[in-house]
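File shown here: entry-v9.pdb, holding PDB, C-alpha atoms, pLDDT in the B column.
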ATOM      1  CA  MET C   1       0.000   0.000   0.000  1.00 42.00           C
ATOM      2  CA  SER C   2       1.394   3.408  -0.936  1.00 45.00           C
ATOM      3  CA  LYS C   3       2.013   6.110   1.620  1.00 45.00           C
ATOM      4  CA  ASP C   4      -0.633   8.338  -0.011  1.00 51.00           C
ATOM      5  CA  LYS C   5      -3.215   5.569   0.208  1.00 49.00           C
ATOM      6  CA  GLY C   6      -2.337   4.994   3.886  1.00 48.00           C
ATOM      7  CA  GLU C   7      -2.717   8.700   4.657  1.00 47.00           C
ATOM      8  CA  GLN C   8      -6.102   8.770   2.880  1.00 44.00           C
ATOM      9  CA  ASP C   9      -7.253   5.749   4.872  1.00 47.00           C
ATOM     10  CA  GLN C  10      -6.141   7.486   8.076  1.00 45.00           C
ATOM     11  CA  LEU C  11      -8.156  10.611   7.172  1.00 43.00           C
ATOM     12  CA  LYS C  12     -11.216   8.544   6.315  1.00 45.00           C
ATOM     13  CA  LYS C  13     -11.068   6.948   9.769  1.00 51.00           C
ATOM     14  CA  HIS C  14     -11.603  10.404  11.261  1.00 70.00           C
ATOM     15  CA  ALA C  15     -14.912  11.006   9.423  1.00 87.00           C
ATOM     16  CA  LEU C  16     -17.776  11.505  11.845  1.00 94.00           C
ATOM     17  CA  SER C  17     -20.655   9.045  11.790  1.00 94.00           C
ATOM     18  CA  VAL C  18     -24.262   9.926  11.088  1.00 96.00           C
ATOM     19  CA  GLY C  19     -26.004  11.040  14.274  1.00 96.00           C
ATOM     20  CA  THR C  20     -22.893  12.619  15.814  1.00 97.00           C
ATOM     21  CA  LEU C  21     -23.642  15.924  17.534  1.00 98.00           C
ATOM     22  CA  VAL C  22     -21.289  18.732  16.504  1.00 98.00           C
ATOM     23  CA  GLU C  23     -20.392  22.347  17.061  1.00 98.00           C
ATOM     24  CA  PHE C  24     -19.269  23.899  13.802  1.00 97.00           C
ATOM     25  CA  ALA C  25     -18.352  27.242  12.267  1.00 95.00           C
ATOM     26  CA  GLU C  26     -20.214  28.462   9.200  1.00 92.00           C
ATOM     27  CA  LYS C  27     -19.734  31.943   7.743  1.00 89.00           C
ATOM     28  CA  SER C  28     -18.078  33.151  10.984  1.00 89.00           C
ATOM     29  CA  ARG C  29     -21.045  31.982  13.061  1.00 94.00           C
ATOM     30  CA  VAL C  30     -21.027  29.013  15.411  1.00 96.00           C
ATOM     31  CA  HIS C  31     -23.849  26.469  15.405  1.00 97.00           C
ATOM     32  CA  VAL C  32     -24.634  23.082  16.897  1.00 98.00           C
ATOM     33  CA  GLY C  33     -26.405  20.313  15.075  1.00 98.00           C
ATOM     34  CA  ARG C  34     -26.587  16.628  14.216  1.00 98.00           C
ATOM     35  CA  VAL C  35     -24.724  14.996  11.328  1.00 97.00           C
ATOM     36  CA  ALA C  36     -27.392  13.760   8.909  1.00 97.00           C
ATOM     37  CA  VAL C  37     -25.052  12.686   6.103  1.00 96.00           C
ATOM     38  CA  SER C  38     -21.364  11.834   6.355  1.00 95.00           C
ATOM     39  CA  GLU C  39     -19.491  11.656   3.081  1.00 93.00           C
ATOM     40  CA  SER C  40     -15.848  10.686   2.550  1.00 89.00           C
ATOM     41  CA  LYS C  41     -14.343  12.212  -0.569  1.00 84.00           C
ATOM     42  CA  SER C  42     -11.796  10.435  -2.787  1.00 81.00           C
ATOM     43  CA  ASN C  43      -9.091  12.847  -1.586  1.00 82.00           C
ATOM     44  CA  GLY C  44      -9.606  11.631   1.994  1.00 79.00           C
ATOM     45  CA  ASN C  45     -11.503  14.682   3.192  1.00 87.00           C
ATOM     46  CA  ALA C  46     -14.964  14.427   4.710  1.00 93.00           C
ATOM     47  CA  ARG C  47     -18.061  16.557   4.234  1.00 95.00           C
ATOM     48  CA  TYR C  48     -21.192  16.567   6.330  1.00 97.00           C
ATOM     49  CA  ASP C  49     -24.781  17.609   6.003  1.00 97.00           C
ATOM     50  CA  VAL C  50     -25.652  18.916   9.471  1.00 98.00           C
ATOM     51  CA  VAL C  51     -29.142  19.773  10.717  1.00 97.00           C
ATOM     52  CA  ASP C  52     -29.602  22.260  13.555  1.00 96.00           C
ATOM     53  CA  LEU C  53     -32.444  22.424  16.094  1.00 94.00           C
ATOM     54  CA  GLU C  54     -34.574  24.529  13.764  1.00 94.00           C
ATOM     55  CA  GLY C  55     -34.222  21.993  10.929  1.00 95.00           C
ATOM     56  CA  LYS C  56     -31.865  24.149   8.875  1.00 97.00           C
ATOM     57  CA  HIS C  57     -29.336  22.176   6.819  1.00 97.00           C
ATOM     58  CA  TYR C  58     -25.666  23.087   6.512  1.00 97.00           C
ATOM     59  CA  SER C  59     -23.168  21.479   4.165  1.00 96.00           C
ATOM     60  CA  ILE C  60     -19.786  21.717   5.875  1.00 96.00           C
ATOM     61  CA  ALA C  61     -16.269  20.386   5.504  1.00 94.00           C
ATOM     62  CA  ASP C  62     -14.733  18.334   8.293  1.00 94.00           C
ATOM     63  CA  LYS C  63     -12.399  21.225   9.164  1.00 93.00           C
ATOM     64  CA  ALA C  64     -15.446  23.374  10.082  1.00 95.00           C
ATOM     65  CA  VAL C  65     -16.258  21.025  12.993  1.00 96.00           C
ATOM     66  CA  THR C  66     -14.851  22.360  16.255  1.00 96.00           C
ATOM     67  CA  TYR C  67     -16.351  19.838  18.703  1.00 96.00           C
ATOM     68  CA  SER C  68     -18.094  16.489  18.366  1.00 96.00           C
ATOM     69  CA  VAL C  69     -19.782  14.042  20.684  1.00 96.00           C
ATOM     70  CA  HIS C  70     -21.450  10.709  19.996  1.00 95.00           C
ATOM     71  CA  ALA C  71     -25.180  11.003  20.440  1.00 95.00           C
ATOM     72  CA  PRO C  72     -27.090   8.639  22.710  1.00 94.00           C
ATOM     73  CA  THR C  73     -28.802   5.845  20.765  1.00 93.00           C
ATOM     74  CA  ASN C  74     -32.191   6.828  22.167  1.00 94.00           C
ATOM     75  CA  ASP C  75     -33.696   9.614  19.982  1.00 92.00           C
ATOM     76  CA  SER C  76     -35.284  11.363  22.952  1.00 95.00           C
ATOM     77  CA  ALA C  77     -31.986  11.449  24.863  1.00 96.00           C
ATOM     78  CA  ALA C  78     -30.115  12.575  21.721  1.00 95.00           C
ATOM     79  CA  ASN C  79     -32.577  15.436  21.167  1.00 95.00           C
ATOM     80  CA  LYS C  80     -32.328  16.451  24.836  1.00 97.00           C
ATOM     81  CA  LEU C  81     -28.517  16.509  24.566  1.00 97.00           C
ATOM     82  CA  LEU C  82     -28.699  18.556  21.345  1.00 97.00           C
ATOM     83  CA  VAL C  83     -30.935  21.124  23.080  1.00 97.00           C
ATOM     84  CA  GLY C  84     -28.486  21.245  26.004  1.00 97.00           C
ATOM     85  CA  LEU C  85     -25.536  21.737  23.657  1.00 98.00           C
ATOM     86  CA  ALA C  86     -27.362  24.549  21.851  1.00 97.00           C
ATOM     87  CA  HIS C  87     -28.040  26.348  25.144  1.00 97.00           C
ATOM     88  CA  ALA C  88     -24.458  25.814  26.340  1.00 97.00           C
ATOM     89  CA  GLN C  89     -23.134  27.115  23.022  1.00 97.00           C
ATOM     90  CA  LEU C  90     -24.945  30.414  23.629  1.00 96.00           C
ATOM     91  CA  ALA C  91     -24.086  30.617  27.338  1.00 96.00           C
ATOM     92  CA  SER C  92     -21.830  33.332  28.705  1.00 94.00           C
ATOM     93  CA  GLU C  93     -18.691  32.574  30.686  1.00 92.00           C
ATOM     94  CA  HIS C  94     -20.540  33.437  33.907  1.00 91.00           C
ATOM     95  CA  GLU C  95     -23.419  31.072  33.007  1.00 96.00           C
ATOM     96  CA  LEU C  96     -20.999  28.262  32.150  1.00 96.00           C
ATOM     97  CA  ARG C  97     -19.172  28.674  35.463  1.00 94.00           C
ATOM     98  CA  ASN C  98     -22.498  28.645  37.339  1.00 95.00           C
ATOM     99  CA  GLU C  99     -23.747  25.542  35.506  1.00 96.00           C
ATOM    100  CA  LEU C 100     -20.460  23.752  36.184  1.00 96.00           C
ATOM    101  CA  ASP C 101     -20.271  25.098  39.756  1.00 94.00           C
ATOM    102  CA  LEU C 102     -16.719  26.145  38.935  1.00 93.00           C
ATOM    103  CA  SER C 103     -15.412  29.256  40.677  1.00 89.00           C
ATOM    104  CA  ALA C 104     -12.195  31.023  39.737  1.00 85.00           C
ATOM    105  CA  ASP C 105     -10.576  29.473  42.808  1.00 88.00           C
ATOM    106  CA  LEU C 106     -11.519  25.963  41.631  1.00 92.00           C
ATOM    107  CA  LEU C 107     -10.209  26.696  38.137  1.00 92.00           C
ATOM    108  CA  GLU C 108      -6.911  27.857  39.620  1.00 91.00           C
ATOM    109  CA  MET C 109      -6.817  24.763  41.854  1.00 93.00           C
ATOM    110  CA  ALA C 110      -7.324  22.583  38.764  1.00 94.00           C
ATOM    111  CA  TRP C 111      -4.426  24.386  37.080  1.00 94.00           C
ATOM    112  CA  GLU C 112      -2.200  23.856  40.141  1.00 93.00           C
ATOM    113  CA  GLU C 113      -3.077  20.137  40.286  1.00 93.00           C
ATOM    114  CA  THR C 114      -2.399  19.811  36.572  1.00 93.00           C
ATOM    115  CA  ILE C 115       0.917  21.678  36.617  1.00 92.00           C
ATOM    116  CA  GLU C 116       2.149  19.567  39.550  1.00 91.00           C
ATOM    117  CA  GLY C 117       1.044  16.257  38.022  1.00 85.00           C
ATOM    118  CA  ASP C 118       2.866  13.962  35.626  1.00 84.00           C
ATOM    119  CA  ASP C 119       0.711  15.052  32.683  1.00 84.00           C
ATOM    120  CA  THR C 120       0.295  18.811  32.257  1.00 82.00           C
ATOM    121  CA  ALA C 121      -2.654  18.366  29.900  1.00 91.00           C
ATOM    122  CA  LEU C 122      -6.239  18.639  31.044  1.00 94.00           C
ATOM    123  CA  THR C 123      -9.298  17.446  29.141  1.00 95.00           C
ATOM    124  CA  PRO C 124     -12.758  18.878  29.799  1.00 96.00           C
ATOM    125  CA  THR C 125     -13.781  15.529  31.295  1.00 95.00           C
ATOM    126  CA  SER C 126     -10.753  15.430  33.582  1.00 94.00           C
ATOM    127  CA  LEU C 127     -11.498  18.995  34.742  1.00 95.00           C
ATOM    128  CA  VAL C 128     -14.947  17.936  35.951  1.00 95.00           C
ATOM    129  CA  GLN C 129     -13.493  14.772  37.508  1.00 95.00           C
ATOM    130  CA  LEU C 130     -10.791  16.753  39.291  1.00 93.00           C
ATOM    131  CA  VAL C 131     -13.089  19.474  40.635  1.00 93.00           C
ATOM    132  CA  HIS C 132     -16.266  17.505  41.394  1.00 93.00           C
ATOM    133  CA  SER C 133     -15.030  13.901  41.758  1.00 93.00           C
ATOM    134  CA  HIS C 134     -17.503  12.465  39.283  1.00 93.00           C
ATOM    135  CA  THR C 135     -17.364  11.461  35.652  1.00 93.00           C
ATOM    136  CA  ALA C 136     -18.590  14.241  33.393  1.00 94.00           C
ATOM    137  CA  ASP C 137     -21.570  13.594  31.189  1.00 96.00           C
ATOM    138  CA  ALA C 138     -21.511  14.767  27.551  1.00 97.00           C
ATOM    139  CA  LEU C 139     -23.096  18.138  28.337  1.00 97.00           C
ATOM    140  CA  GLU C 140     -20.740  18.870  31.251  1.00 97.00           C
ATOM    141  CA  SER C 141     -17.758  17.995  29.048  1.00 97.00           C
ATOM    142  CA  TYR C 142     -18.948  20.389  26.346  1.00 98.00           C
ATOM    143  CA  MET C 143     -19.547  23.195  28.862  1.00 98.00           C
ATOM    144  CA  ALA C 144     -16.085  22.638  30.377  1.00 97.00           C
ATOM    145  CA  TRP C 145     -14.556  22.639  26.876  1.00 97.00           C
ATOM    146  CA  ARG C 146     -16.309  25.923  26.068  1.00 97.00           C
ATOM    147  CA  LEU C 147     -15.234  27.489  29.379  1.00 96.00           C
ATOM    148  CA  LEU C 148     -11.601  26.481  28.892  1.00 96.00           C
ATOM    149  CA  ARG C 149     -11.644  28.061  25.420  1.00 96.00           C
ATOM    150  CA  LEU C 150     -12.786  31.436  26.782  1.00 93.00           C
ATOM    151  CA  ASP C 151     -10.498  34.187  28.122  1.00 90.00           C
ATOM    152  CA  VAL C 152     -10.694  32.904  31.701  1.00 89.00           C
ATOM    153  CA  GLY C 153      -9.529  29.454  30.587  1.00 93.00           C
ATOM    154  CA  HIS C 154      -6.649  30.979  28.641  1.00 93.00           C
ATOM    155  CA  VAL C 155      -5.357  32.538  31.846  1.00 93.00           C
ATOM    156  CA  PHE C 156      -4.316  29.069  33.033  1.00 94.00           C
ATOM    157  CA  PHE C 157      -4.244  26.820  29.953  1.00 96.00           C
ATOM    158  CA  ARG C 158      -3.402  26.833  26.267  1.00 96.00           C
ATOM    159  CA  GLU C 159      -5.242  24.777  23.682  1.00 96.00           C
ATOM    160  CA  LEU C 160      -3.926  21.463  22.363  1.00 96.00           C
ATOM    161  CA  LYS C 161      -5.215  20.373  18.965  1.00 94.00           C
ATOM    162  CA  GLU C 162      -5.545  17.011  17.293  1.00 90.00           C
ATOM    163  CA  ASN C 163      -6.596  16.836  13.648  1.00 83.00           C
ATOM    164  CA  GLY C 164      -7.352  20.565  13.810  1.00 86.00           C
ATOM    165  CA  ARG C 165      -9.737  20.282  16.780  1.00 92.00           C
ATOM    166  CA  VAL C 166      -9.107  21.425  20.340  1.00 95.00           C
ATOM    167  CA  VAL C 167      -9.129  18.240  22.416  1.00 94.00           C
ATOM    168  CA  ALA C 168      -7.207  19.180  25.564  1.00 96.00           C
ATOM    169  CA  PHE C 169      -5.598  22.071  27.385  1.00 97.00           C
ATOM    170  CA  LYS C 170      -1.974  22.320  28.529  1.00 96.00           C
ATOM    171  CA  ALA C 171      -1.258  24.010  31.838  1.00 94.00           C
ATOM    172  CA  LYS C 172       0.773  27.180  31.434  1.00 94.00           C
ATOM    173  CA  ALA C 173       3.931  27.755  33.465  1.00 93.00           C
ATOM    174  CA  ARG C 174       3.487  29.777  36.665  1.00 91.00           C
ATOM    175  CA  LYS C 175       5.254  32.810  35.185  1.00 93.00           C
ATOM    176  CA  GLY C 176       2.933  32.718  32.165  1.00 92.00           C
ATOM    177  CA  VAL C 177      -0.140  32.491  34.395  1.00 92.00           C
ATOM    178  CA  ASP C 178       0.959  35.502  36.444  1.00 89.00           C
ATOM    179  CA  ALA C 179       1.343  37.552  33.245  1.00 90.00           C
ATOM    180  CA  ALA C 180      -1.963  36.241  31.856  1.00 89.00           C
ATOM    181  CA  LYS C 181      -3.778  37.159  35.106  1.00 86.00           C
ATOM    182  CA  ARG C 182      -2.486  40.728  34.898  1.00 86.00           C
ATOM    183  CA  ALA C 183      -3.520  41.027  31.245  1.00 87.00           C
ATOM    184  CA  PHE C 184      -6.922  39.457  31.949  1.00 85.00           C
ATOM    185  CA  CYS C 185      -7.635  41.769  34.876  1.00 83.00           C
ATOM    186  CA  ASP C 186      -6.547  44.830  32.883  1.00 82.00           C
ATOM    187  CA  ASN C 187      -9.142  43.928  30.231  1.00 81.00           C
ATOM    188  CA  HIS C 188     -11.861  42.587  32.572  1.00 72.00           C
ATOM    189  CA  GLU C 189     -12.066  45.061  35.426  1.00 65.00           C
ATOM    190  CA  ASP C 190     -15.571  43.876  36.344  1.00 63.00           C
ATOM    191  CA  GLU C 191     -14.346  40.332  37.058  1.00 58.00           C
ATOM    192  CA  ASP C 192     -13.341  40.857  40.690  1.00 54.00           C
ATOM    193  CA  GLU C 193     -13.752  37.152  41.543  1.00 63.00           C
ATOM    194  CA  ILE C 194     -11.149  36.163  38.974  1.00 62.00           C
ATOM    195  CA  CYS C 195      -8.851  39.108  39.581  1.00 71.00           C
ATOM    196  CA  PHE C 196      -7.700  37.765  42.896  1.00 57.00           C
ATOM    197  CA  ALA C 197      -4.389  38.864  44.394  1.00 45.00           C
ATOM    198  CA  ILE C 198      -1.799  39.046  41.681  1.00 44.00           C
TER     199      ILE C 198
END
Would you write the structure of this file as structure tokens?
Amino acid sequence: MSKDKGEQDQLKKHALSVGTLVEFAEKSRVHVGRVAVSESKSNGNARYDVVDLEGKHYSIADKAVTYSVHAPTNDSAANKLLVGLAHAQLASEHELRNELDLSADLLEMAWEETIEGDDTALTPTSLVQLVHSHTADALESYMAWRLLRLDVGHVFFRELKENGRVVAFKAKARKGVDAAKRAFCDNHEDEDEICFAI
């Protein structure tokens, strides 16, 4: 088998299956929806027909997908999760922190635990596990992923990508966090909870 053929096979393995719930970018807007059609092209790339909550169809390339989660097999549970993802996608940083019961102090504690551990990478699921001592469900994982991608998350972590998608977050060095806190607090004066002693 040629190297090109092997690379194409590898790309095809990454195509999302029908029913997968996704967050995707389309014309500089972000949406959530369900993959209705998954198509692998001869060049190894994938394209999807995605349907949002309102029934609107989007034809997108695989690279437009920013987050994906396997849907429950039960249609009712899958629809409930899709509604939850849509609400979480629109939620503010404050709403996400409230839903996750994740204060600035807990986020900093998670960073400290991560930086001191053997692996300095943190996944959204491991954040919930670390802070609340339970396994995150799909909605909690998505909310944690969204929170870590916002400015407050970037104070402590930087994004790690796999196949173009953010899948984990690497803990920043202490010096970098101190500088990021100062910059964050200069730009977010109303965030007194986060702008703790610097």
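The residues caught by the PyMOL selection byres ((chain C and resi 160-162) around 12) in this file are His14, Lys63, Thr66, Tyr67, Thr120, Ala121, Leu122, Thr123, Pro124, Trp145, Leu148, Arg149, His154, Phe157, Arg158, Glu159, Asn163, Gly164, Arg165, Val166, Val167, Ala168, Phe169, Lys170, Ala171 and Lys172 of chain C.
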*Please evaluate the PyMOL selection byres ((chain C and resi 55) around 12) against the displayed coordinates and give the resulting residues as a PyMOL selection string.*
chain C and resi 32-36+49-54+56-58
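Distance-wise, atom CA of C:Val18 and atom CA of C:Leu100 end up 28.9 Å apart.
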If we count only C-alpha atoms and set the cut-off at 8 Å, which residues sit around stretch 83-91 of chain C, ignoring sequence neighbours fewer than 5 positions away in its own chain? Please answer as a short mmCIF file (atom, residue, chain, number, x, y, z; two decimals) with C-alpha atoms, keeping the file's coordinate frame.
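Written output follows (part.cif):
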data_model
loop_
_atom_site.label_atom_id
_atom_site.label_comp_id
_atom_site.auth_asym_id
_atom_site.auth_seq_id
_atom_site.Cartn_x
_atom_site.Cartn_y
_atom_site.Cartn_z
CA HIS C 31 -23.85 26.47 15.40
CA VAL C 32 -24.63 23.08 16.90
CA LEU C 53 -32.44 22.42 16.09
CA LEU C 96 -21.00 28.26 32.15
CA LEU C 139 -23.10 18.14 28.34
CA TYR C 142 -18.95 20.39 26.35
CA MET C 143 -19.55 23.20 28.86
CA ARG C 146 -16.31 25.92 26.07
#
*asked:* Just checking: using all atoms listed in the file, which residue out of C:Ala136, C:Leu147, C:Val37, C:Val131 ends up closest to C:Asp105?
replied: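 When distances to C:Asp105 are compared using all atoms listed in the file, the smallest one comes from C:Val131.
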*Would you work out the distance separating atom CA of C:Asp101 from atom CA of C:Glu113, expressed in Å to one decimal?*
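Separating atom CA of C:Asp101 from atom CA of C:Glu113 is a distance of 17.9 Å.
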*Which residue, C:Ala173, C:Leu16, C:Ala64, C:Val152, has the smallest gap to C:Asn187 when you use all atoms listed in the file?*
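Comparing C:Ala173, C:Leu16, C:Ala64, C:Val152 against C:Asn187, the winner is C:Val152.
Minimum atom-to-atom distance to C:Ser59, evaluated using only C-alpha atoms, belongs to C:Ser38 out of C:Thr114, C:Ser38, C:Ser126, C:Ser133.
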*Any chance you could work out the residue set of the PyMOL selection byres ((chain C and resi 72-76) around 12) here, as a ChimeraX atom specification?*
/C:18-21,34,69-71,77-83,137-139
*Test item: residues at most 9 Å from C:Thr135, all atoms listed in the file, excluding those fewer than 4 positions along its chain, as a list of chain:residue names*: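 What passes the distance filter is C:Thr125, C:Ser126, C:Val128, C:Gln129.
Our summary of the geometry notes that atom CA of C:Asp186 is positioned 22.1 Å from atom CA of C:Leu102.
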*asked:* For a cutoff of 6 Å around the file-coordinate point (-18.6, 20.2, 5.7), which residues qualify once you count all atoms listed in the file? I'd like the result as a list of chain:residue names.
replied: C:Arg47, C:Tyr48, C:Ser59, C:Ile60, C:Ala61, C:Asp62
For stretch 37-61 of chain C, which lacks atoms in the input, supply N, CA and C atoms and format the output as a CSV table (one decimal), keeping the file's coordinate frame.
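Done, and the output landed in part27.csv:
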chain,number,residue,atom,x,y,z
C,37,VAL,N,-25.7,13.4,7.2
C,37,VAL,CA,-25.1,12.7,6.1
C,37,VAL,C,-23.6,12.9,6.3
C,38,SER,N,-22.8,11.8,6.2
C,38,SER,CA,-21.4,11.8,6.4
C,38,SER,C,-20.8,11.3,5.1
C,39,GLU,N,-20.0,12.0,4.4
C,39,GLU,CA,-19.5,11.7,3.1
C,39,GLU,C,-18.0,11.8,3.1
C,40,SER,N,-17.3,10.7,2.7
C,40,SER,CA,-15.8,10.7,2.6
C,40,SER,C,-15.5,10.9,1.1
C,41,LYS,N,-14.7,11.9,0.8
C,41,LYS,CA,-14.3,12.2,-0.6
C,41,LYS,C,-13.2,11.3,-1.0
C,42,SER,N,-12.9,11.3,-2.3
C,42,SER,CA,-11.8,10.4,-2.8
C,42,SER,C,-10.4,11.0,-2.4
C,43,ASN,N,-10.4,12.3,-2.0
C,43,ASN,CA,-9.1,12.8,-1.6
C,43,ASN,C,-8.9,12.6,-0.1
C,44,GLY,N,-9.8,11.9,0.6
C,44,GLY,CA,-9.6,11.6,2.0
C,44,GLY,C,-10.3,12.6,2.9
C,45,ASN,N,-10.8,13.7,2.4
C,45,ASN,CA,-11.5,14.7,3.2
C,45,ASN,C,-12.9,14.2,3.4
C,46,ALA,N,-13.6,14.8,4.4
C,46,ALA,CA,-15.0,14.4,4.7
C,46,ALA,C,-15.8,15.7,4.6
C,47,ARG,N,-17.1,15.5,4.2
C,47,ARG,CA,-18.1,16.6,4.2
C,47,ARG,C,-19.3,16.0,4.9
C,48,TYR,N,-20.0,17.0,5.6
C,48,TYR,CA,-21.2,16.6,6.3
C,48,TYR,C,-22.4,17.5,6.0
C,49,ASP,N,-23.5,16.8,6.0
C,49,ASP,CA,-24.8,17.6,6.0
C,49,ASP,C,-25.2,17.6,7.5
C,50,VAL,N,-25.3,18.8,8.1
C,50,VAL,CA,-25.7,18.9,9.5
C,50,VAL,C,-27.0,19.7,9.6
C,51,VAL,N,-27.8,19.2,10.5
C,51,VAL,CA,-29.1,19.8,10.7
C,51,VAL,C,-29.2,20.3,12.1
C,52,ASP,N,-29.5,21.6,12.2
C,52,ASP,CA,-29.6,22.3,13.6
C,52,ASP,C,-31.0,22.0,14.2
C,53,LEU,N,-31.2,22.6,15.4
C,53,LEU,CA,-32.4,22.4,16.1
C,53,LEU,C,-33.7,22.9,15.3
C,54,GLU,N,-33.5,23.9,14.5
C,54,GLU,CA,-34.6,24.5,13.8
C,54,GLU,C,-34.8,23.8,12.4
C,55,GLY,N,-34.0,22.8,12.2
C,55,GLY,CA,-34.2,22.0,10.9
C,55,GLY,C,-33.5,22.5,9.7
C,56,LYS,N,-32.6,23.6,10.0
C,56,LYS,CA,-31.9,24.1,8.9
C,56,LYS,C,-30.7,23.2,8.6
C,57,HIS,N,-30.4,23.0,7.3
C,57,HIS,CA,-29.3,22.2,6.8
C,57,HIS,C,-28.1,23.0,6.5
C,58,TYR,N,-26.9,22.5,6.8
C,58,TYR,CA,-25.7,23.1,6.5
C,58,TYR,C,-24.8,22.0,5.9
C,59,SER,N,-24.1,22.4,4.8
C,59,SER,CA,-23.2,21.5,4.2
C,59,SER,C,-21.8,22.0,4.5
C,60,ILE,N,-21.1,21.2,5.3
C,60,ILE,CA,-19.8,21.7,5.9
C,60,ILE,C,-18.7,20.7,5.6
C,61,ALA,N,-17.5,21.2,5.6
C,61,ALA,CA,-16.3,20.4,5.5
C,61,ALA,C,-15.9,19.9,6.9
